[in-house]
file coords17.cif (mmCIF, C-alpha atoms)
data_my_file
#
loop_
_atom_site.label_atom_id
_atom_site.label_comp_id
_atom_site.auth_asym_id
_atom_site.auth_seq_id
_atom_site.Cartn_x
_atom_site.Cartn_y
_atom_site.Cartn_z
CA MET A 1 -118.06 15.43 -18.74
CA GLN A 2 -120.67 18.17 -19.10
CA GLN A 3 -118.43 19.98 -21.53
CA SER A 4 -117.86 16.83 -23.58
CA ILE A 5 -121.65 16.34 -23.98
CA TRP A 6 -122.05 19.91 -25.26
CA ARG A 7 -119.07 19.40 -27.55
CA GLY A 8 -120.59 16.11 -28.75
CA ILE A 9 -123.93 17.79 -29.48
CA LYS A 10 -122.16 20.54 -31.41
CA LEU A 11 -120.09 18.03 -33.39
CA VAL A 12 -123.11 15.89 -34.30
CA PHE A 13 -125.05 19.03 -35.30
CA CYS A 14 -122.16 20.27 -37.46
CA LYS A 15 -121.79 16.82 -39.05
CA GLU A 16 -125.50 16.71 -39.91
CA LEU A 17 -125.41 20.23 -41.30
CA THR A 18 -122.33 19.51 -43.44
CA ILE A 19 -123.85 16.30 -44.83
CA GLY A 20 -127.19 18.06 -45.37
CA MET A 21 -125.52 20.86 -47.35
CA ARG A 22 -123.35 18.44 -49.30
CA PHE A 23 -126.21 16.14 -50.31
CA LYS A 24 -129.09 18.49 -50.83
CA ALA A 25 -131.64 15.85 -51.90
CA ALA A 26 -133.35 15.60 -48.48
CA TRP A 27 -133.63 19.37 -48.14
CA ALA A 28 -134.86 19.73 -51.73
CA ALA A 29 -137.46 16.97 -51.24
CA MET A 30 -138.79 18.58 -48.06
CA PHE A 31 -139.01 22.11 -49.44
CA MET A 32 -140.44 21.00 -52.79
CA PHE A 33 -143.01 18.84 -50.98
CA ALA A 34 -144.03 21.93 -48.95
CA LEU A 35 -144.27 24.07 -52.08
CA THR A 36 -146.31 21.44 -53.94
CA THR A 37 -148.73 21.06 -51.02
CA LEU A 38 -149.17 24.81 -50.67
CA ALA A 39 -149.73 25.21 -54.41
CA CYS A 40 -152.37 22.41 -54.34
CA VAL A 41 -154.20 24.00 -51.41
CA SER A 42 -154.09 27.48 -52.91
CA MET A 43 -155.23 26.31 -56.35
CA ALA A 44 -158.06 24.26 -54.82
CA MET A 45 -159.31 27.30 -52.87
CA GLN A 46 -159.12 29.60 -55.95
CA GLY A 47 -158.83 32.70 -53.73
CA GLY A 48 -162.20 32.04 -52.05
CA ALA A 49 -162.88 33.17 -48.47
CA VAL A 50 -161.81 30.50 -45.95
CA GLU A 51 -162.57 30.36 -42.21
CA PRO A 52 -159.54 31.07 -39.93
CA ARG A 53 -159.92 27.62 -38.32
CA LEU A 54 -159.73 25.88 -41.71
CA LEU A 55 -156.77 28.08 -42.71
CA ALA A 56 -154.96 27.12 -39.50
CA ALA A 57 -155.66 23.42 -40.09
CA LEU A 58 -154.39 23.67 -43.70
CA LEU A 59 -151.18 25.41 -42.57
CA TRP A 60 -150.44 22.78 -39.92
CA VAL A 61 -151.29 19.84 -42.17
CA SER A 62 -148.90 21.27 -44.81
CA LEU A 63 -146.19 21.86 -42.20
CA PHE A 64 -146.62 18.43 -40.60
CA PHE A 65 -146.47 16.40 -43.81
CA ALA A 66 -143.61 18.48 -45.26
CA ALA A 67 -141.70 17.84 -42.01
CA MET A 68 -142.48 14.11 -42.33
CA ALA A 69 -140.91 14.13 -45.81
CA GLY A 70 -137.52 15.15 -44.40
CA ALA A 71 -137.27 14.46 -40.69
CA ASP A 72 -137.54 10.67 -41.05
CA ARG A 73 -134.14 10.42 -42.79
CA VAL A 74 -132.08 11.50 -39.77
CA PHE A 75 -131.02 7.93 -38.81
CA ALA A 76 -132.05 5.96 -41.92
CA ASP A 77 -129.49 7.76 -44.12
CA GLU A 78 -126.70 6.82 -41.71
CA ASP A 79 -127.94 3.23 -41.71
CA THR A 80 -127.94 3.09 -45.52
CA ALA A 81 -124.48 4.71 -45.78
CA GLY A 82 -123.10 2.33 -43.12
CA THR A 83 -121.93 5.15 -40.82
CA LEU A 84 -124.36 4.33 -37.99
CA LEU A 85 -121.95 1.76 -36.52
CA THR A 86 -119.13 4.34 -36.40
CA LEU A 87 -121.44 6.77 -34.66
CA HIS A 88 -122.36 3.95 -32.22
CA ILE A 89 -118.71 3.41 -31.37
CA PHE A 90 -117.63 7.04 -31.01
CA GLY A 91 -120.83 8.91 -30.11
CA PRO A 92 -122.41 8.94 -26.63
CA ALA A 93 -126.19 8.41 -26.85
CA GLN A 94 -127.26 11.80 -25.51
CA ALA A 95 -124.87 13.74 -27.76
CA VAL A 96 -126.15 11.83 -30.81
CA LEU A 97 -129.82 12.29 -29.90
CA LEU A 98 -129.59 15.96 -28.95
CA GLY A 99 -127.27 16.84 -31.86
CA LYS A 100 -129.64 15.23 -34.35
CA MET A 101 -132.64 16.79 -32.59
CA LEU A 102 -131.05 20.23 -32.84
CA TYR A 103 -130.39 19.69 -36.52
CA THR A 104 -134.01 18.56 -37.09
CA LEU A 105 -135.24 21.63 -35.21
CA PHE A 106 -133.03 23.85 -37.34
CA LEU A 107 -134.38 22.23 -40.50
CA LEU A 108 -138.00 22.54 -39.32
CA VAL A 109 -137.61 26.21 -38.38
CA LEU A 110 -136.20 26.87 -41.86
CA LEU A 111 -139.13 24.95 -43.33
CA ALA A 112 -141.63 26.94 -41.23
CA LEU A 113 -139.95 30.21 -42.25
CA PHE A 114 -140.41 29.10 -45.86
CA ILE A 115 -143.98 27.77 -45.61
CA THR A 116 -145.66 30.29 -43.31
CA PRO A 117 -145.01 33.56 -45.22
CA LEU A 118 -145.77 31.80 -48.51
CA PHE A 119 -149.02 30.44 -47.04
CA LEU A 120 -150.02 33.91 -45.80
CA VAL A 121 -149.40 35.41 -49.25
CA LEU A 122 -151.01 32.64 -51.31
CA MET A 123 -154.08 32.36 -49.07
CA ASP A 124 -154.31 36.14 -48.49
CA VAL A 125 -154.36 35.83 -44.69
CA ALA A 126 -154.13 38.83 -42.37
CA VAL A 127 -152.38 37.97 -39.09
CA ALA A 128 -154.01 39.60 -36.06
CA ALA A 129 -151.49 38.31 -33.49
CA PRO A 130 -148.05 37.78 -35.13
CA LEU A 131 -146.23 36.98 -31.88
CA VAL A 132 -148.72 34.24 -31.02
CA LEU A 133 -148.25 32.77 -34.52
CA LEU A 134 -144.46 32.92 -34.14
CA GLY A 135 -144.54 31.29 -30.69
CA THR A 136 -146.95 28.58 -31.87
CA VAL A 137 -144.85 27.74 -34.94
CA LEU A 138 -141.63 27.57 -32.89
CA LEU A 139 -143.18 25.36 -30.19
CA GLY A 140 -144.80 23.17 -32.87
CA CYS A 141 -141.43 22.74 -34.61
CA PHE A 142 -139.76 21.90 -31.29
CA GLY A 143 -142.38 19.21 -30.52
CA ILE A 144 -142.04 17.64 -34.00
CA ALA A 145 -138.22 17.68 -33.66
CA ALA A 146 -138.26 16.15 -30.15
CA ALA A 147 -140.66 13.32 -31.07
CA GLY A 148 -139.40 12.95 -34.64
CA THR A 149 -135.79 12.25 -33.71
CA LEU A 150 -136.70 9.35 -31.42
CA ILE A 151 -139.27 7.97 -33.89
CA ALA A 152 -136.68 8.20 -36.70
CA ALA A 153 -134.34 6.09 -34.55
CA LEU A 154 -137.14 3.56 -33.97
CA THR A 155 -137.86 3.08 -37.68
CA THR A 156 -134.22 2.29 -38.51
CA GLY A 157 -134.05 -1.33 -39.61
CA ALA A 158 -137.79 -1.57 -40.41
CA SER A 159 -138.70 -3.67 -43.44
CA VAL A 160 -141.31 -1.07 -44.48
CA HIS A 161 -140.38 2.62 -44.47
CA SER A 162 -143.02 4.26 -46.61
CA GLY A 163 -145.54 5.98 -44.35
CA LEU A 164 -144.33 4.28 -41.15
CA PHE A 165 -142.80 7.48 -39.75
CA SER A 166 -146.05 9.47 -40.19
CA ILE A 167 -148.13 6.61 -38.73
CA LEU A 168 -145.95 6.54 -35.58
CA MET A 169 -145.67 10.32 -35.29
CA LEU A 170 -149.29 11.45 -35.59
CA PRO A 171 -150.71 10.05 -32.32
CA ILE A 172 -147.74 11.36 -30.34
CA ILE A 173 -147.75 14.82 -31.86
CA LEU A 174 -151.54 15.38 -31.60
CA PRO A 175 -151.28 17.08 -28.16
CA VAL A 176 -149.07 19.66 -29.94
CA PHE A 177 -151.08 19.70 -33.16
CA LEU A 178 -154.53 20.41 -31.68
CA PRO A 179 -153.60 23.44 -29.51
CA ALA A 180 -151.37 24.71 -32.36
CA ILE A 181 -154.38 24.76 -34.72
CA SER A 182 -156.51 26.58 -32.08
CA LEU A 183 -153.77 29.15 -31.43
CA THR A 184 -153.08 29.69 -35.14
CA ALA A 185 -156.82 30.16 -35.80
CA GLY A 186 -156.81 32.79 -33.01
CA ALA A 187 -153.76 34.47 -34.53
CA PHE A 188 -155.62 34.59 -37.89
CA GLY A 189 -158.47 36.45 -36.17
CA GLY A 190 -160.76 33.48 -35.59
CA GLY A 191 -161.83 34.11 -31.97
CA ALA A 192 -159.93 34.80 -28.78
CA VAL A 193 -156.36 33.57 -28.36
CA THR A 194 -156.01 31.29 -25.31
CA VAL A 195 -152.40 31.99 -24.35
CA SER A 196 -152.40 29.17 -21.76
CA TYR A 197 -152.36 26.73 -24.73
CA LEU A 198 -148.82 28.00 -25.43
CA GLY A 199 -147.87 26.95 -21.88
CA GLY A 200 -149.47 23.54 -22.49
CA MET A 201 -147.53 23.11 -25.74
CA ALA A 202 -144.26 24.13 -24.06
CA LEU A 203 -144.89 21.66 -21.21
CA TYR A 204 -145.67 18.79 -23.59
CA ASP A 205 -142.59 19.65 -25.71
CA PHE A 206 -140.47 19.44 -22.57
CA ILE A 207 -142.04 16.07 -21.62
CA LEU A 208 -141.31 14.76 -25.15
CA LEU A 209 -137.69 15.94 -24.85
CA VAL A 210 -137.18 14.25 -21.46
CA GLY A 211 -139.02 11.08 -22.59
CA ALA A 212 -136.96 10.85 -25.78
CA SER A 213 -133.73 11.43 -23.83
CA ILE A 214 -134.48 8.64 -21.33
CA LEU A 215 -135.73 6.12 -23.88
CA PHE A 216 -133.00 6.71 -26.47
CA ASP A 217 -130.38 5.10 -24.19
CA TYR A 218 -132.28 1.80 -24.46
CA LEU A 219 -132.13 1.99 -28.25
CA TRP A 220 -128.53 3.10 -28.52
CA TYR A 221 -126.93 0.70 -26.05
CA GLU A 222 -128.29 -2.63 -27.30
CA ASP A 223 -127.41 -5.97 -25.71
CA MET B 1 -153.80 -24.20 -13.82
CA ILE B 2 -156.91 -24.31 -11.62
CA GLN B 3 -157.43 -20.58 -12.20
CA ALA B 4 -157.14 -21.18 -15.95
CA ARG B 5 -160.10 -23.59 -15.73
CA ILE B 6 -162.18 -21.52 -13.31
CA LEU B 7 -161.72 -18.14 -14.98
CA PRO B 8 -163.73 -18.85 -18.21
CA TRP B 9 -166.61 -20.21 -16.11
CA LEU B 10 -166.51 -17.19 -13.82
CA ILE B 11 -166.50 -14.86 -16.84
CA GLY B 12 -169.40 -16.80 -18.41
CA VAL B 13 -171.53 -16.57 -15.24
CA LEU B 14 -170.68 -12.89 -14.70
CA THR B 15 -171.54 -12.08 -18.34
CA ALA B 16 -174.90 -13.85 -18.01
CA VAL B 17 -175.64 -11.93 -14.77
CA LEU B 18 -174.55 -8.67 -16.44
CA ILE B 19 -176.84 -9.21 -19.46
CA TYR B 20 -179.76 -9.98 -17.09
CA LEU B 21 -179.05 -6.84 -15.01
CA VAL B 22 -178.66 -4.56 -18.05
CA PHE B 23 -181.82 -5.70 -19.88
CA PHE B 24 -184.18 -6.62 -17.00
CA VAL B 25 -183.15 -4.76 -13.82
CA VAL B 26 -181.55 -1.40 -14.70
CA PRO B 27 -184.25 1.32 -15.01
CA PRO B 28 -184.28 3.71 -18.01
CA ALA B 29 -182.15 6.79 -17.28
CA GLN B 30 -183.50 10.31 -17.13
CA GLY B 31 -182.91 12.02 -20.48
CA LEU B 32 -181.28 8.97 -22.10
CA GLY B 33 -184.10 6.41 -21.68
CA ASP B 34 -183.20 2.86 -22.73
CA TYR B 35 -180.12 4.06 -24.65
CA VAL B 36 -178.29 4.11 -21.31
CA ARG B 37 -178.02 0.28 -21.57
CA ILE B 38 -175.32 0.72 -24.24
CA ALA B 39 -173.17 2.50 -21.62
CA PHE B 40 -172.87 -0.72 -19.53
CA PHE B 41 -170.96 -2.32 -22.41
CA HIS B 42 -169.31 0.83 -23.78
CA ILE B 43 -167.68 2.02 -20.51
CA PRO B 44 -166.08 -1.36 -19.62
CA MET B 45 -164.73 -1.65 -23.19
CA ALA B 46 -163.26 1.86 -22.99
CA TRP B 47 -161.78 0.99 -19.56
CA VAL B 48 -160.10 -2.16 -20.87
CA SER B 49 -158.80 -0.17 -23.89
CA VAL B 50 -156.92 2.16 -21.51
CA LEU B 51 -155.92 -0.69 -19.15
CA ALA B 52 -154.47 -2.72 -22.04
CA PHE B 53 -152.50 0.34 -23.16
CA LEU B 54 -151.13 0.83 -19.63
CA MET B 55 -150.21 -2.87 -19.33
CA SER B 56 -148.60 -2.92 -22.78
CA ALA B 57 -146.37 0.02 -21.73
CA TRP B 58 -145.71 -1.65 -18.33
CA TRP B 59 -144.57 -4.91 -19.94
CA GLY B 60 -142.59 -2.87 -22.46
CA ALA B 61 -140.74 -1.21 -19.55
CA ARG B 62 -140.17 -4.64 -18.02
CA TYR B 63 -138.66 -5.91 -21.25
CA LEU B 64 -136.28 -2.93 -21.39
CA ARG B 65 -135.16 -3.58 -17.81
CA ARG B 66 -134.87 -7.38 -17.87
CA GLN B 67 -134.70 -8.39 -21.57
CA GLU B 68 -137.29 -11.16 -21.02
CA MET B 69 -139.03 -12.17 -24.25
CA GLU B 70 -142.10 -13.16 -22.22
CA ALA B 71 -142.58 -9.49 -21.28
CA ASP B 72 -142.52 -8.63 -24.98
CA ARG B 73 -145.11 -11.33 -25.74
CA LEU B 74 -147.34 -9.98 -22.95
CA SER B 75 -146.92 -6.42 -24.23
CA ALA B 76 -147.86 -7.49 -27.76
CA ALA B 77 -150.81 -9.60 -26.58
CA SER B 78 -152.09 -6.69 -24.50
CA ALA B 79 -151.82 -4.30 -27.47
CA LYS B 80 -153.65 -6.71 -29.80
CA LEU B 81 -156.49 -7.10 -27.30
CA GLY B 82 -156.45 -3.36 -26.66
CA LEU B 83 -157.01 -2.78 -30.37
CA VAL B 84 -160.05 -5.10 -30.37
CA PHE B 85 -161.51 -3.43 -27.28
CA VAL B 86 -160.84 0.10 -28.56
CA VAL B 87 -162.60 -0.72 -31.86
CA LEU B 88 -165.60 -2.08 -29.89
CA ALA B 89 -165.60 0.99 -27.60
CA THR B 90 -165.42 3.32 -30.63
CA LEU B 91 -168.28 1.53 -32.42
CA SER B 92 -170.53 1.35 -29.33
CA GLY B 93 -169.73 5.02 -28.58
CA ALA B 94 -170.58 6.03 -32.16
CA ILE B 95 -173.93 4.20 -31.97
CA PHE B 96 -174.69 5.86 -28.61
CA SER B 97 -173.69 9.21 -30.13
CA LYS B 98 -176.03 8.74 -33.12
CA LEU B 99 -178.96 7.79 -30.87
CA THR B 100 -178.47 10.64 -28.39
CA TRP B 101 -176.76 13.50 -30.33
CA GLY B 102 -177.93 12.68 -33.88
CA ALA B 103 -174.50 12.03 -35.43
CA TYR B 104 -172.14 9.05 -35.33
CA TRP B 105 -169.05 11.24 -35.08
CA ASN B 106 -168.44 14.91 -34.20
CA TRP B 107 -164.88 14.94 -32.77
CA ASP B 108 -166.08 15.37 -29.23
CA PRO B 109 -162.99 15.46 -26.89
CA ARG B 110 -163.68 11.91 -25.67
CA GLN B 111 -164.17 10.66 -29.23
CA THR B 112 -160.85 12.33 -30.06
CA THR B 113 -159.18 10.60 -27.09
CA ILE B 114 -160.46 7.14 -28.01
CA PHE B 115 -159.57 7.69 -31.67
CA VAL B 116 -155.99 8.66 -30.75
CA LEU B 117 -155.79 5.49 -28.66
CA LEU B 118 -156.93 3.56 -31.76
CA LEU B 119 -154.17 5.26 -33.79
CA ILE B 120 -151.55 4.39 -31.15
CA TYR B 121 -152.55 0.70 -31.12
CA GLY B 122 -152.53 0.68 -34.93
CA ALA B 123 -149.09 2.35 -35.02
CA TYR B 124 -147.68 -0.04 -32.38
CA LEU B 125 -148.86 -3.13 -34.27
CA THR B 126 -147.68 -1.72 -37.62
CA LEU B 127 -144.23 -1.14 -36.08
CA ARG B 128 -144.18 -4.74 -34.81
CA ALA B 129 -145.09 -6.02 -38.27
CA ALA B 130 -142.35 -3.90 -39.87
CA MET B 131 -139.54 -5.20 -37.64
CA PRO B 132 -138.23 -8.61 -38.80
CA GLU B 133 -135.66 -9.28 -36.03
CA PRO B 134 -137.34 -10.41 -32.75
CA ARG B 135 -134.93 -8.73 -30.25
CA ARG B 136 -134.89 -5.44 -32.15
CA ARG B 137 -138.71 -5.65 -32.54
CA ALA B 138 -139.13 -6.16 -28.78
CA ARG B 139 -136.87 -3.24 -27.90
CA VAL B 140 -138.26 -0.81 -30.47
CA THR B 141 -141.92 -1.53 -29.72
CA ALA B 142 -141.28 -1.29 -25.95
CA VAL B 143 -139.78 2.16 -26.47
CA TYR B 144 -142.74 3.19 -28.66
CA ALA B 145 -145.29 1.89 -26.12
CA LEU B 146 -143.64 3.96 -23.37
CA PHE B 147 -143.16 7.04 -25.54
CA SER B 148 -146.78 7.02 -26.73
CA PHE B 149 -147.89 6.65 -23.10
CA LEU B 150 -146.69 10.25 -22.57
CA THR B 151 -149.80 11.40 -24.47
CA VAL B 152 -152.19 9.87 -21.92
CA PRO B 153 -152.27 12.72 -19.34
CA PHE B 154 -152.98 15.18 -22.15
CA LEU B 155 -155.59 13.08 -23.87
CA VAL B 156 -157.43 11.89 -20.77
CA PHE B 157 -157.17 14.91 -18.48
CA ILE B 158 -156.36 18.03 -20.52
CA ILE B 159 -158.03 17.73 -23.96
CA PRO B 160 -161.54 17.00 -22.48
CA ARG B 161 -161.20 20.17 -20.40
CA LEU B 162 -160.04 22.34 -23.29
CA TYR B 163 -162.95 21.66 -25.61
CA PHE B 164 -166.73 21.70 -25.17
CA SER B 165 -168.16 18.20 -24.77
CA LEU B 166 -171.62 16.67 -25.11
CA HIS B 167 -170.33 13.44 -23.54
CA PRO B 168 -172.06 12.51 -20.25
CA SER B 169 -169.96 13.24 -17.13
CA PRO B 170 -167.73 10.44 -15.92
CA VAL B 171 -169.11 8.21 -13.13
CA ILE B 172 -166.84 9.96 -10.65
CA ASN B 173 -167.30 13.63 -11.51
CA GLY B 174 -165.03 16.64 -11.06
CA SER B 175 -166.06 17.14 -7.41
CA GLY B 176 -165.00 13.55 -6.62
CA SER B 177 -168.54 12.42 -5.78
CA LEU B 178 -170.44 9.45 -7.23
CA ASP B 179 -173.46 10.67 -9.18
CA MET B 180 -175.31 7.51 -10.23
CA ASP B 181 -178.31 5.36 -9.29
CA PRO B 182 -177.05 2.51 -6.98
CA VAL B 183 -178.48 -0.24 -9.27
CA MET B 184 -176.79 1.32 -12.27
CA LEU B 185 -173.55 1.73 -10.34
CA GLY B 186 -173.59 -1.92 -9.24
CA THR B 187 -174.27 -3.07 -12.81
CA LEU B 188 -171.50 -0.86 -14.13
CA LEU B 189 -169.04 -2.25 -11.57
CA ALA B 190 -170.06 -5.80 -12.57
CA GLY B 191 -169.43 -4.85 -16.21
CA LEU B 192 -166.01 -3.41 -15.37
CA ILE B 193 -164.98 -6.52 -13.42
CA ASP B 194 -166.29 -8.82 -16.17
CA ALA B 195 -164.41 -6.94 -18.93
CA THR B 196 -161.19 -6.84 -16.84
CA LEU B 197 -161.36 -10.61 -16.16
CA LEU B 198 -162.03 -11.24 -19.86
CA TYR B 199 -158.94 -9.18 -20.73
CA VAL B 200 -156.78 -11.05 -18.17
CA TRP B 201 -157.97 -14.45 -19.43
CA LEU B 202 -157.44 -13.55 -23.10
CA VAL B 203 -153.90 -12.21 -22.46
CA TRP B 204 -153.11 -15.37 -20.51
CA ARG B 205 -154.45 -17.61 -23.30
CA SER B 206 -152.71 -15.63 -26.00
CA VAL B 207 -149.30 -15.86 -24.32
CA GLY B 208 -149.79 -19.57 -23.49
CA ARG B 209 -150.57 -20.29 -27.14
CA GLY B 210 -147.49 -18.28 -28.20
CA ASP B 211 -145.32 -20.39 -25.86
CA LYS B 212 -146.67 -23.63 -27.34
CA GLU B 213 -146.04 -22.34 -30.89
CA ALA B 214 -142.49 -21.32 -29.92
CA LEU B 215 -141.82 -24.77 -28.43
CA SER B 216 -143.20 -26.61 -31.47
#
call {"tool": "encode", "arguments": {"input": "coords17.cif", "output": "structure tokens"}}
result
Amino acid sequence: MQQSIWRGIKLVFCKELTIGMRFKAAWAAMFMFALTTLACVSMAMQGGAVEPRLLAALLWVSLFFAAMAGADRVFADEDTAGTLLTLHIFGPAQAVLLGKMLYTLFLLVLLALFITPLFLVLMDVAVAAPLVLLGTVLLGCFGIAAAGTLIAALTTGASVHSGLFSILMLPIILPVFLPAISLTAGAFGGGAVTVSYLGGMALYDFILLVGASILFDYLWYED
Amino acid sequence: MIQARILPWLIGVLTAVLIYLVFFVVPPAQGLGDYVRIAFFHIPMAWVSVLAFLMSAWWGARYLRRQEMEADRLSAASAKLGLVFVVLATLSGAIFSKLTWGAYWNWDPRQTTIFVLLLIYGAYLTLRAAMPEPRRRARVTAVYALFSFLTVPFLVFIIPRLYFSLHPSPVINGSGSLDMDPVMLGTLLAGLIDATLLYVWLVWRSVGRGDKEALS
């Protein structure tokens, strides 16, 4: 049974990856959205000196909204293509959730690896604590993936899609967002780095993962 | 039925007593002066905002377990009232903030907490409006109410301790002791009971009206 869940997660992940690479529109939209946002921010600042706290906030706002441009499609695309019912019949809930979550995490880590170095170059930021920045970005991506996958499942079948995903995500992700901005500001040299915030982010990420796992069963196995 | 008739009268009398206590009995507070009177309306509103959120998640959980549409109606009614109370708590808090700190808003940890609660209520009601099918709407919003409830320990207990705050200490402070004038404490308790009864009555009325509309 345990092995079949792992196999299910791997299969769902591979399916998502194959579809993502075959139809590149979602990836392109997410990465181009990130690039456009970064270009806007950099052009607006015109190379002027910016406080580390503001830099950290700009990086996370760019990352969050770029993630919102791609992560919301994880169930809606299946619904539109008519493959969600097949997945319902053959896929156990936990394998579907965790497989899709893993794929979202993979996508977000790629996005972060694209945005962060570009942001550092365009905004001319010197990183004082690279490991803290790396840990913060990874934990931030994990939190967005854990909450985003469940929220994406919730918005399937909604009559309004535009903006709904971001509206539902923001209040839930704020306990990740706020410490992430503080830690990133610290990593950019803006005051002391409070490493315990990383522990807080990891704990909240874990709670989101467990919460999403428990609640997804209620969505997947309808009456 | 009897309670339904008595409750509005009880709330009316308690509100009249509360207004009398706040404006004629409670002494000005040290450092805050007469501005402290706002707190006797602000704290009960903030309390009901959190209570309504808790109850909305509770009825959401009940819907998921038993599939009773009444639980969904109660959850929705609680969220709608919670939104009204959280707006009132935010406005009264902003006025208090302007009078005592000189600015309506400065992202104090408690202002952040109440604002996130406002966002959650807004998101919950937006999700309800976006779901056309009643059973799916009930299930999805119940899941969202429970999922968003995971933020509460962080927003109520952790965020206020992470950031510097100008907000006065809670009635029961960190050491677990009550640090308030007895008259003020009694008035505050009356305010909390009054606001809680008002919430209970309004949820009751709202669901009763929904039942009548469903029958007609």
call {"tool": "resolve_selection", "arguments": {"input": "coords17.cif", "expression": "the PyMOL selection byres ((chain A) within 6 of (chain B))", "output": "PyMOL selection string"}}
result
chain A and resi 154+158-160+167-168+171-172
call {"tool": "residues_around", "arguments": {"input": "coords17.cif", "residues": "region 82-92 of chain B", "least_positions_apart": "5", "cutoff": "10 Å", "atoms": "all atoms listed in the file", "output": "PyMOL selection string"}}
result
chain B and resi 38-39+41-56+76-77+97-98+104-105+111+114-115+117-122+124-125+195+199
call {"tool": "atom_distance", "arguments": {"input": "coords17.cif", "atom1": "CA of Lys15 (chain A)", "atom2": "CA of Leu134 (chain A)"}}
result
28.2 Å
call {"tool": "axis_aligned_box", "arguments": {"input": "coords17.cif", "around": "region 88-93 of chain A", "padding_each_side": "6 Å", "output": "JSON"}}
result
{"center_x": -121.9, "center_y": 6.2, "center_z": -29.4, "size_x": 20.6, "size_y": 17.5, "size_z": 17.6}
call {"tool": "residues_around", "arguments": {"input": "coords17.cif", "residues": "region 48-58 of chain A", "least_positions_apart": "2", "cutoff": "8 Å", "atoms": "all atoms listed in the file", "output": "list in words"}}
result
Val41, Met45, Gln46, Trp60, Val61, Ser62, Ile181, Ser182, Thr184, Ala185, Gly186, Phe188, Gly189 and Gly190 of chain A
call {"tool": "resolve_selection", "arguments": {"input": "coords17.cif", "expression": "the PyMOL selection byres ((chain B and resi 198) around 10)", "output": "list in words"}}
result
Leu7, Pro8, Leu10, Ile11, Gly12, Thr15, Val48, Leu192, Ile193, Asp194, Ala195, Thr196, Leu197, Tyr199, Val200, Trp201, Leu202, Val203 and Trp204 of chain B
call {"tool": "resolve_selection", "arguments": {"input": "coords17.cif", "expression": "the PyMOL selection byres ((chain A and resi 110) around 12)", "output": "JSON, numbers by chain"}}
result
{"A": [27, 30, 31, 34, 63, 66, 67, 103, 104, 105, 106, 107, 108, 109, 111, 112, 113, 114, 115, 116, 117, 137, 138, 141]}
call {"tool": "atom_distance", "arguments": {"input": "coords17.cif", "atom1": "CA of Phe40 (chain B)", "atom2": "CA of Tyr20 (chain B)"}}
result
11.8 Å
call {"tool": "residues_near_point", "arguments": {"input": "coords17.cif", "point": "(-178.3, 8.8, -30.4)", "cutoff": "12 Å", "atoms": "all atoms listed in the file", "output": "PyMOL selection string"}}
result
chain B and resi 31-36+38-39+92-105+166-167
call {"tool": "closest_residue", "arguments": {"input": "coords17.cif", "among": "A:Tyr204, A:Gly191, A:Phe177, A:Ser4", "to": "Pro92 (chain A)", "atoms": "all atoms listed in the file"}}
result
A:Ser4
call {"tool": "atom_distance", "arguments": {"input": "coords17.cif", "atom1": "CA of Arg22 (chain A)", "atom2": "CA of His161 (chain A)"}}
result
23.7 Å
call {"tool": "residues_around", "arguments": {"input": "coords17.cif", "residues": "Asp181 (chain B)", "least_positions_apart": "4", "cutoff": "12 Å", "atoms": "only C-alpha atoms", "output": "PDB file with C-alpha atoms, keeping the file's coordinate frame"}}
result
ATOM      1  CA  VAL B  26    -181.550  -1.400 -14.700  1.00  0.00           C
ATOM      2  CA  PRO B  27    -184.250   1.320 -15.010  1.00  0.00           C
ATOM      3  CA  PRO B  28    -184.280   3.710 -18.010  1.00  0.00           C
ATOM      4  CA  ALA B  29    -182.150   6.790 -17.280  1.00  0.00           C
ATOM      5  CA  GLN B  30    -183.500  10.310 -17.130  1.00  0.00           C
ATOM      6  CA  VAL B 171    -169.110   8.210 -13.130  1.00  0.00           C
ATOM      7  CA  LEU B 185    -173.550   1.730 -10.340  1.00  0.00           C
ATOM      8  CA  GLY B 186    -173.590  -1.920  -9.240  1.00  0.00           C
ATOM      9  CA  THR B 187    -174.270  -3.070 -12.810  1.00  0.00           C
ATOM     10  CA  LEU B 188    -171.500  -0.860 -14.130  1.00  0.00           C
TER      11      LEU B 188
END
call {"tool": "residues_around", "arguments": {"input": "coords17.cif", "residues": "Leu208 (chain A)", "least_positions_apart": "5", "cutoff": "10 Å", "atoms": "all atoms listed in the file", "output": "list of chain:residue names"}}
result
A:Phe142, A:Gly143, A:Ile144, A:Ala145, A:Ala146, A:Ala147, A:Gly148, A:Leu150, A:Ile172, A:Ile173, A:Ala202, A:Leu203, A:Ser213, A:Ile214, B:Phe147, B:Ser148, B:Leu150, B:Thr151
call {"tool": "closest_residue", "arguments": {"input": "coords17.cif", "among": "B:Leu189, B:Ala145, B:Ala57, B:Met184", "to": "Leu14 (chain B)", "atoms": "only C-alpha atoms"}}
result
B:Leu189
